[in-house]
$ cat input.cif   # mmCIF, C-alpha atoms, pLDDT in the B column; chains and numbers go by the auth columns
data_upload
#
loop_
_atom_site.group_PDB
_atom_site.id
_atom_site.type_symbol
_atom_site.label_atom_id
_atom_site.label_comp_id
_atom_site.label_asym_id
_atom_site.label_seq_id
_atom_site.Cartn_x
_atom_site.Cartn_y
_atom_site.Cartn_z
_atom_site.B_iso_or_equiv
_atom_site.auth_seq_id
_atom_site.auth_asym_id
ATOM 1 C CA MET A 1 20.942 25.981 -17.229 45.00 1 A
ATOM 2 C CA ASP A 2 24.236 24.395 -18.212 59.00 2 A
ATOM 3 C CA GLU A 3 26.182 26.346 -20.795 78.00 3 A
ATOM 4 C CA GLY A 4 25.133 25.005 -24.161 92.00 4 A
ATOM 5 C CA SER A 5 22.311 22.784 -22.952 93.00 5 A
ATOM 6 C CA ARG A 6 18.880 22.773 -21.381 93.00 6 A
ATOM 7 C CA ARG A 7 16.960 19.886 -19.827 91.00 7 A
ATOM 8 C CA VAL A 8 13.178 19.854 -20.296 91.00 8 A
ATOM 9 C CA GLY A 9 11.735 16.755 -18.648 88.00 9 A
ATOM 10 C CA SER A 10 13.230 13.775 -20.478 89.00 10 A
ATOM 11 C CA LEU A 11 14.456 15.997 -23.310 95.00 11 A
ATOM 12 C CA LEU A 12 18.064 17.195 -23.266 94.00 12 A
ATOM 13 C CA LEU A 13 18.626 20.034 -25.712 96.00 13 A
ATOM 14 C CA ARG A 14 22.342 20.306 -26.547 95.00 14 A
ATOM 15 C CA TRP A 15 23.904 22.986 -28.780 95.00 15 A
ATOM 16 C CA SER A 16 27.489 22.876 -27.560 91.00 16 A
ATOM 17 C CA GLU A 17 29.872 19.993 -28.170 80.00 17 A
ATOM 18 C CA ASP A 18 30.997 20.451 -24.548 81.00 18 A
ATOM 19 C CA ALA A 19 27.465 20.137 -23.095 83.00 19 A
ATOM 20 C CA PRO A 20 26.704 17.276 -20.677 82.00 20 A
ATOM 21 C CA ARG A 21 26.219 13.909 -22.318 85.00 21 A
ATOM 22 C CA PRO A 22 22.693 12.461 -22.268 81.00 22 A
ATOM 23 C CA GLY A 23 21.843 9.789 -19.737 82.00 23 A
ATOM 24 C CA LYS A 24 20.179 6.461 -20.491 81.00 24 A
ATOM 25 C CA ARG A 25 16.694 7.872 -20.002 84.00 25 A
ATOM 26 C CA ASP A 26 17.295 11.128 -21.861 87.00 26 A
ATOM 27 C CA LEU A 27 16.097 11.888 -25.346 92.00 27 A
ATOM 28 C CA ALA A 28 18.835 14.090 -26.763 92.00 28 A
ATOM 29 C CA VAL A 29 18.109 16.881 -29.229 96.00 29 A
ATOM 30 C CA ASP A 30 21.368 17.631 -31.047 95.00 30 A
ATOM 31 C CA LEU A 31 21.226 21.323 -31.927 97.00 31 A
ATOM 32 C CA ALA A 32 24.946 21.960 -32.385 96.00 32 A
ATOM 33 C CA PRO A 33 24.588 22.882 -36.082 97.00 33 A
ATOM 34 C CA ALA A 34 22.096 25.574 -35.034 97.00 34 A
ATOM 35 C CA ALA A 35 24.171 26.919 -32.141 97.00 35 A
ATOM 36 C CA ASP A 36 24.395 30.373 -33.714 96.00 36 A
ATOM 37 C CA ARG A 37 20.586 30.693 -33.694 97.00 37 A
ATOM 38 C CA MET A 38 19.889 29.282 -30.235 97.00 38 A
ATOM 39 C CA ALA A 39 20.254 32.619 -28.427 96.00 39 A
ATOM 40 C CA ALA A 40 17.664 34.193 -30.747 97.00 40 A
ATOM 41 C CA TRP A 41 15.266 31.260 -30.382 97.00 41 A
ATOM 42 C CA ILE A 42 15.567 31.294 -26.601 96.00 42 A
ATOM 43 C CA ALA A 43 15.060 35.070 -26.578 96.00 43 A
ATOM 44 C CA ASP A 44 11.791 34.479 -28.447 97.00 44 A
ATOM 45 C CA GLY A 45 10.575 31.940 -25.871 97.00 45 A
ATOM 46 C CA GLY A 46 11.448 28.902 -27.961 97.00 46 A
ATOM 47 C CA LEU A 47 12.197 26.691 -24.958 96.00 47 A
ATOM 48 C CA LEU A 48 8.456 26.671 -24.292 97.00 48 A
ATOM 49 C CA ALA A 49 8.023 24.685 -27.512 98.00 49 A
ATOM 50 C CA ALA A 50 10.186 21.944 -25.997 97.00 50 A
ATOM 51 C CA GLN A 51 8.206 22.147 -22.753 97.00 51 A
ATOM 52 C CA ALA A 52 4.951 21.713 -24.663 97.00 52 A
ATOM 53 C CA LEU A 53 6.357 18.749 -26.625 97.00 53 A
ATOM 54 C CA HIS A 54 8.165 16.884 -23.871 93.00 54 A
ATOM 55 C CA PRO A 55 5.147 14.767 -22.773 94.00 55 A
ATOM 56 C CA VAL A 56 5.045 13.330 -26.305 95.00 56 A
ATOM 57 C CA ALA A 57 8.572 11.982 -25.837 92.00 57 A
ATOM 58 C CA GLY A 58 7.167 9.526 -23.279 90.00 58 A
ATOM 59 C CA LEU A 59 4.792 7.895 -25.761 92.00 59 A
ATOM 60 C CA PRO A 60 5.685 4.511 -27.278 92.00 60 A
ATOM 61 C CA PRO A 61 7.865 4.886 -30.387 89.00 61 A
ATOM 62 C CA GLU A 62 5.162 3.510 -32.669 91.00 62 A
ATOM 63 C CA GLN A 63 2.805 6.308 -31.605 91.00 63 A
ATOM 64 C CA ARG A 64 5.425 9.013 -32.014 93.00 64 A
ATOM 65 C CA ARG A 65 6.270 7.830 -35.526 91.00 65 A
ATOM 66 C CA GLY A 66 2.747 8.605 -36.714 91.00 66 A
ATOM 67 C CA LEU A 67 2.589 12.219 -35.541 97.00 67 A
ATOM 68 C CA ARG A 68 2.567 15.357 -37.696 97.00 68 A
ATOM 69 C CA LEU A 69 3.422 18.913 -36.721 97.00 69 A
ATOM 70 C CA THR A 70 3.160 22.276 -38.413 97.00 70 A
ATOM 71 C CA ALA A 71 4.812 25.393 -37.005 98.00 71 A
ATOM 72 C CA ALA A 72 5.192 29.095 -37.721 98.00 72 A
ATOM 73 C CA GLY A 73 6.376 32.281 -36.042 97.00 73 A
ATOM 74 C CA PRO A 74 9.515 33.134 -34.050 98.00 74 A
ATOM 75 C CA ALA A 75 11.435 29.999 -32.931 98.00 75 A
ATOM 76 C CA ALA A 76 9.220 27.729 -35.045 98.00 76 A
ATOM 77 C CA ALA A 77 12.478 26.109 -36.179 98.00 77 A
ATOM 78 C CA LEU A 78 13.162 24.912 -32.639 98.00 78 A
ATOM 79 C CA ALA A 79 9.697 23.357 -32.367 98.00 79 A
ATOM 80 C CA GLY A 80 10.322 21.469 -35.590 98.00 80 A
ATOM 81 C CA LEU A 81 13.750 20.225 -34.532 98.00 81 A
ATOM 82 C CA VAL A 82 12.497 18.949 -31.174 98.00 82 A
ATOM 83 C CA ALA A 83 9.641 17.177 -32.958 97.00 83 A
ATOM 84 C CA ALA A 84 12.141 15.518 -35.307 97.00 84 A
ATOM 85 C CA ALA A 85 14.206 14.258 -32.370 96.00 85 A
ATOM 86 C CA ILE A 86 11.065 12.842 -30.759 96.00 86 A
ATOM 87 C CA GLY A 87 10.322 10.945 -33.964 96.00 87 A
ATOM 88 C CA PHE A 88 7.480 12.767 -35.697 96.00 88 A
ATOM 89 C CA ALA A 89 6.619 11.501 -39.164 95.00 89 A
ATOM 90 C CA ARG A 90 6.140 14.900 -40.776 96.00 90 A
ATOM 91 C CA ILE A 91 7.225 18.432 -39.928 97.00 91 A
ATOM 92 C CA ALA A 92 6.166 21.491 -41.892 97.00 92 A
ATOM 93 C CA ALA A 93 7.449 24.906 -40.855 97.00 93 A
ATOM 94 C CA ALA A 94 7.137 28.473 -42.072 98.00 94 A
ATOM 95 C CA LEU A 95 10.572 29.889 -41.266 98.00 95 A
ATOM 96 C CA HIS A 96 12.291 33.251 -41.322 96.00 96 A
ATOM 97 C CA PRO A 97 15.146 33.274 -43.865 97.00 97 A
ATOM 98 C CA ASP A 98 17.673 33.668 -41.020 97.00 98 A
ATOM 99 C CA ASP A 99 16.593 30.290 -39.614 98.00 99 A
ATOM 100 C CA ARG A 100 16.576 28.178 -42.754 98.00 100 A
ATOM 101 C CA GLU A 101 20.245 27.198 -42.955 98.00 101 A
ATOM 102 C CA ALA A 102 20.528 26.375 -39.248 98.00 102 A
ATOM 103 C CA PHE A 103 17.270 24.417 -39.339 98.00 103 A
ATOM 104 C CA SER A 104 18.371 22.337 -42.318 98.00 104 A
ATOM 105 C CA ALA A 105 21.797 21.599 -40.833 98.00 105 A
ATOM 106 C CA ALA A 106 20.384 20.574 -37.455 97.00 106 A
ATOM 107 C CA MET A 107 17.639 18.501 -39.097 97.00 107 A
ATOM 108 C CA GLU A 108 20.290 16.603 -41.044 96.00 108 A
ATOM 109 C CA ARG A 109 22.216 15.958 -37.817 95.00 109 A
ATOM 110 C CA ILE A 110 19.100 14.794 -35.938 95.00 110 A
ATOM 111 C CA GLY A 111 17.971 12.485 -38.723 90.00 111 A
ATOM 112 C CA GLY A 112 14.953 10.329 -37.905 84.00 112 A
ATOM 113 C CA GLY A 113 13.527 10.120 -41.404 89.00 113 A
ATOM 114 C CA ALA A 114 10.770 12.715 -40.998 92.00 114 A
ATOM 115 C CA GLU A 115 9.184 14.208 -44.086 95.00 115 A
ATOM 116 C CA VAL A 116 10.150 17.892 -43.858 96.00 116 A
ATOM 117 C CA ALA A 117 8.660 20.881 -45.657 96.00 117 A
ATOM 118 C CA VAL A 118 9.977 24.429 -45.216 97.00 118 A
ATOM 119 C CA VAL A 119 8.102 27.437 -46.584 97.00 119 A
ATOM 120 C CA ASP A 120 8.259 31.213 -46.233 95.00 120 A
ATOM 121 C CA ARG A 121 4.696 31.958 -45.068 95.00 121 A
ATOM 122 C CA MET A 122 1.986 30.254 -43.026 94.00 122 A
ATOM 123 C CA ALA A 123 -0.285 30.385 -46.060 93.00 123 A
ATOM 124 C CA ASP A 124 2.213 28.213 -47.990 95.00 124 A
ATOM 125 C CA LEU A 125 2.176 25.309 -45.517 95.00 125 A
ATOM 126 C CA PRO A 126 0.896 21.945 -46.842 90.00 126 A
ATOM 127 C CA THR A 127 -2.858 22.186 -47.178 88.00 127 A
ATOM 128 C CA ASP A 128 -4.133 18.895 -45.759 83.00 128 A
ATOM 129 C CA HIS A 129 -5.948 18.737 -42.422 78.00 129 A
ATOM 130 C CA ALA A 130 -3.896 15.915 -40.888 87.00 130 A
ATOM 131 C CA ASN A 131 -1.653 17.687 -38.360 95.00 131 A
ATOM 132 C CA ASP A 132 -1.714 16.500 -34.767 97.00 132 A
ATOM 133 C CA TYR A 133 -0.025 19.694 -33.500 97.00 133 A
ATOM 134 C CA ALA A 134 0.065 23.265 -34.749 97.00 134 A
ATOM 135 C CA PHE A 135 2.681 25.469 -33.045 98.00 135 A
ATOM 136 C CA LEU A 136 2.714 29.242 -33.243 98.00 136 A
ATOM 137 C CA GLY A 137 5.746 31.086 -31.906 98.00 137 A
ATOM 138 C CA CYS A 138 4.587 34.415 -30.502 98.00 138 A
ATOM 139 C CA GLY A 139 7.973 36.032 -29.822 97.00 139 A
ATOM 140 C CA GLY A 140 6.674 37.891 -26.761 97.00 140 A
ATOM 141 C CA THR A 141 3.588 39.348 -28.479 97.00 141 A
ATOM 142 C CA PRO A 142 0.046 37.999 -27.891 96.00 142 A
ATOM 143 C CA PRO A 143 -1.297 36.771 -31.245 95.00 143 A
ATOM 144 C CA ARG A 144 -4.534 37.847 -32.868 94.00 144 A
ATOM 145 C CA PRO A 145 -6.861 34.804 -33.031 95.00 145 A
ATOM 146 C CA ASP A 146 -8.227 35.832 -36.425 92.00 146 A
ATOM 147 C CA LEU A 147 -4.758 35.545 -38.019 92.00 147 A
ATOM 148 C CA LEU A 148 -4.267 31.857 -37.136 95.00 148 A
ATOM 149 C CA GLY A 149 -6.339 30.475 -40.019 95.00 149 A
ATOM 150 C CA PRO A 150 -3.397 28.941 -41.937 94.00 150 A
ATOM 151 C CA LEU A 151 -2.493 26.894 -38.849 95.00 151 A
ATOM 152 C CA VAL A 152 -5.885 25.863 -37.468 95.00 152 A
ATOM 153 C CA HIS A 153 -7.234 24.977 -40.934 93.00 153 A
ATOM 154 C CA ARG A 154 -4.430 22.414 -41.207 93.00 154 A
ATOM 155 C CA LEU A 155 -5.109 20.839 -37.802 94.00 155 A
ATOM 156 C CA ARG A 156 -7.042 17.594 -37.466 93.00 156 A
ATOM 157 C CA PRO A 157 -10.246 17.928 -35.387 88.00 157 A
ATOM 158 C CA GLU A 158 -8.734 16.322 -32.279 89.00 158 A
ATOM 159 C CA GLY A 159 -5.342 17.998 -32.696 95.00 159 A
ATOM 160 C CA GLN A 160 -3.755 20.589 -30.434 96.00 160 A
ATOM 161 C CA LEU A 161 -2.978 24.234 -31.043 98.00 161 A
ATOM 162 C CA VAL A 162 0.088 25.406 -29.098 98.00 162 A
ATOM 163 C CA LEU A 163 0.870 29.085 -28.541 98.00 163 A
ATOM 164 C CA PHE A 164 4.418 29.419 -27.195 98.00 164 A
ATOM 165 C CA GLY A 165 6.546 32.432 -26.419 98.00 165 A
ATOM 166 C CA LEU A 166 3.556 34.313 -25.035 98.00 166 A
ATOM 167 C CA PRO A 167 4.507 37.071 -22.592 97.00 167 A
ATOM 168 C CA ARG A 168 3.992 35.673 -19.114 97.00 168 A
ATOM 169 C CA ALA A 169 2.216 38.851 -18.022 97.00 169 A
ATOM 170 C CA ALA A 170 -0.368 38.379 -20.781 96.00 170 A
ATOM 171 C CA MET A 171 -0.938 34.656 -20.222 96.00 171 A
ATOM 172 C CA ARG A 172 -4.309 35.032 -18.483 96.00 172 A
ATOM 173 C CA ALA A 173 -5.610 37.588 -20.972 96.00 173 A
ATOM 174 C CA SER A 174 -4.581 35.359 -23.884 96.00 174 A
ATOM 175 C CA PHE A 175 -6.257 32.369 -22.267 95.00 175 A
ATOM 176 C CA ASP A 176 -9.463 34.327 -21.717 96.00 176 A
ATOM 177 C CA ASP A 177 -9.422 35.551 -25.323 96.00 177 A
ATOM 178 C CA PHE A 178 -8.790 32.169 -26.920 97.00 178 A
ATOM 179 C CA SER A 179 -11.035 30.160 -24.600 96.00 179 A
ATOM 180 C CA ALA A 180 -13.915 32.529 -25.358 96.00 180 A
ATOM 181 C CA ARG A 181 -13.363 31.683 -29.029 96.00 181 A
ATOM 182 C CA GLY A 182 -13.350 27.906 -28.537 96.00 182 A
ATOM 183 C CA LEU A 183 -9.950 26.772 -27.229 96.00 183 A
ATOM 184 C CA SER A 184 -10.229 24.037 -24.591 96.00 184 A
ATOM 185 C CA LEU A 185 -7.073 24.240 -22.496 95.00 185 A
ATOM 186 C CA ARG A 186 -5.082 21.003 -22.153 95.00 186 A
ATOM 187 C CA ALA A 187 -1.713 22.268 -20.957 96.00 187 A
ATOM 188 C CA ALA A 188 0.145 25.425 -19.948 97.00 188 A
ATOM 189 C CA GLY A 189 3.625 26.277 -18.768 96.00 189 A
ATOM 190 C CA ILE A 190 6.003 29.073 -17.848 96.00 190 A
ATOM 191 C CA ASP A 191 9.709 29.670 -18.421 94.00 191 A
ATOM 192 C CA GLY A 192 11.086 32.982 -17.204 94.00 192 A
ATOM 193 C CA ASP A 193 9.108 35.818 -18.780 96.00 193 A
ATOM 194 C CA PHE A 194 7.413 33.523 -21.297 97.00 194 A
ATOM 195 C CA ALA A 195 4.492 31.100 -21.252 98.00 195 A
ATOM 196 C CA PHE A 196 2.708 28.599 -23.468 98.00 196 A
ATOM 197 C CA LEU A 197 -0.912 27.541 -23.824 98.00 197 A
ATOM 198 C CA ALA A 198 -2.015 24.346 -25.562 97.00 198 A
ATOM 199 C CA GLY A 199 -5.459 22.998 -26.242 97.00 199 A
ATOM 200 C CA SER A 200 -7.930 21.509 -28.653 96.00 200 A
ATOM 201 C CA LEU A 201 -10.487 23.487 -30.616 95.00 201 A
ATOM 202 C CA ASP A 202 -14.184 23.104 -29.904 94.00 202 A
ATOM 203 C CA HIS A 203 -16.607 22.475 -32.748 89.00 203 A
ATOM 204 C CA GLY A 204 -17.666 25.857 -34.049 89.00 204 A
ATOM 205 C CA HIS A 205 -14.588 27.643 -32.682 94.00 205 A
ATOM 206 C CA ARG A 206 -13.868 31.177 -33.866 95.00 206 A
ATOM 207 C CA ILE A 207 -10.077 31.032 -34.084 96.00 207 A
ATOM 208 C CA GLY A 208 -8.680 31.818 -37.490 91.00 208 A
ATOM 209 C CA ALA A 209 -12.149 32.526 -38.825 76.00 209 A
#

$ encode --input "input.cif" --output "structure tokens"
Amino acid sequence: MDEGSRRVGSLLLRWSEDAPRPGKRDLAVDLAPAADRMAAWIADGGLLAAQALHPVAGLPPEQRRGLRLTAAGPAAALAGLVAAAIGFARIAAALHPDDREAFSAAMERIGGGAEVAVVDRMADLPTDHANDYAFLGCGGTPPRPDLLGPLVHRLRPEGQLVLFGLPRAAMRASFDDFSARGLSLRAAGIDGDFAFLAGSLDHGHRIGA
């Protein structure tokens, strides 16, 4: 990893003004206004949010502009900022107070025209069911499936639930737990001691029930 930057597929996350400049095929995520929070977000496994989102960056712009994301948990701010750089239409995030100022400053720098909503708790997220992606930052702790109701109830039927910042050692156990409750795995990844799982929810799933 270059000091102040991280490449994830076609995404180039940059939080230092001295970081390498993006190439012609890179999609840059300008995180310089949030530089003071990057260490905390990385320590919570936040780079897995970028890994889970990077395939979306390859979609045609007109498809990206119609996407909606909701996020909560440790490093949810980073998931929202990457989504904004990709071109999502709407981003709603439940953020820790320590992340709010950095998130707002970086969102202003990234631009893109996304509709942005920031709340304190998952339960306060916008209540429609139109989200294409629901991201939960786990911060190194496997989540309890029954506590995910505020996220999964806001996910469209064909949308994807993404659990990022899972402890790598617990990846298989988390997969077994969630798949038994109706998660159909679509993607997974690892970065250091962390992992992510992403998938759609079967009809009749028991996640967030």

$ closest_residue --input "input.cif" --among "A:Leu67, A:Glu115, A:Met107, A:Ala195" --to "A:Arg156" --atoms "all atoms listed in the file"
A:Leu67

$ residues_around --input "input.cif" --residues "A:Gly208" --least-positions-apart "3" --cutoff "8 Å" --atoms "only C-alpha atoms" --output "list in words"
Pro145, Asp146, Leu147, Leu148, Gly149, Pro150, Val152 and His153 of chain A

$ resolve_selection --input "input.cif" --expression "the PyMOL selection byres ((chain A and resi 10-26) around 9)" --output "number ranges by chain"
A: 2-9, 27-36, 38, 50-51, 54-55, 57-58, 82, 86

$ closest_residue --input "input.cif" --among "A:Leu78, A:Val116, A:Leu155, A:Val56" --to "A:Ala39" --atoms "only C-alpha atoms"
A:Leu78

$ axis_aligned_box --input "input.cif" --around "stretch 129-146 of chain A" --padding-each-side "5 Å" --output "JSON"
{"center_x": -0.1, "center_y": 27.6, "center_z": -34.6, "size_x": 26.2, "size_y": 33.4, "size_z": 25.7}

$ resolve_selection --input "input.cif" --expression "the PyMOL selection byres ((chain A and resi 169-183) around 8)" --output "PyMOL selection string"
chain A and resi 142+145+166-168+184-185+193+195-197+199-207
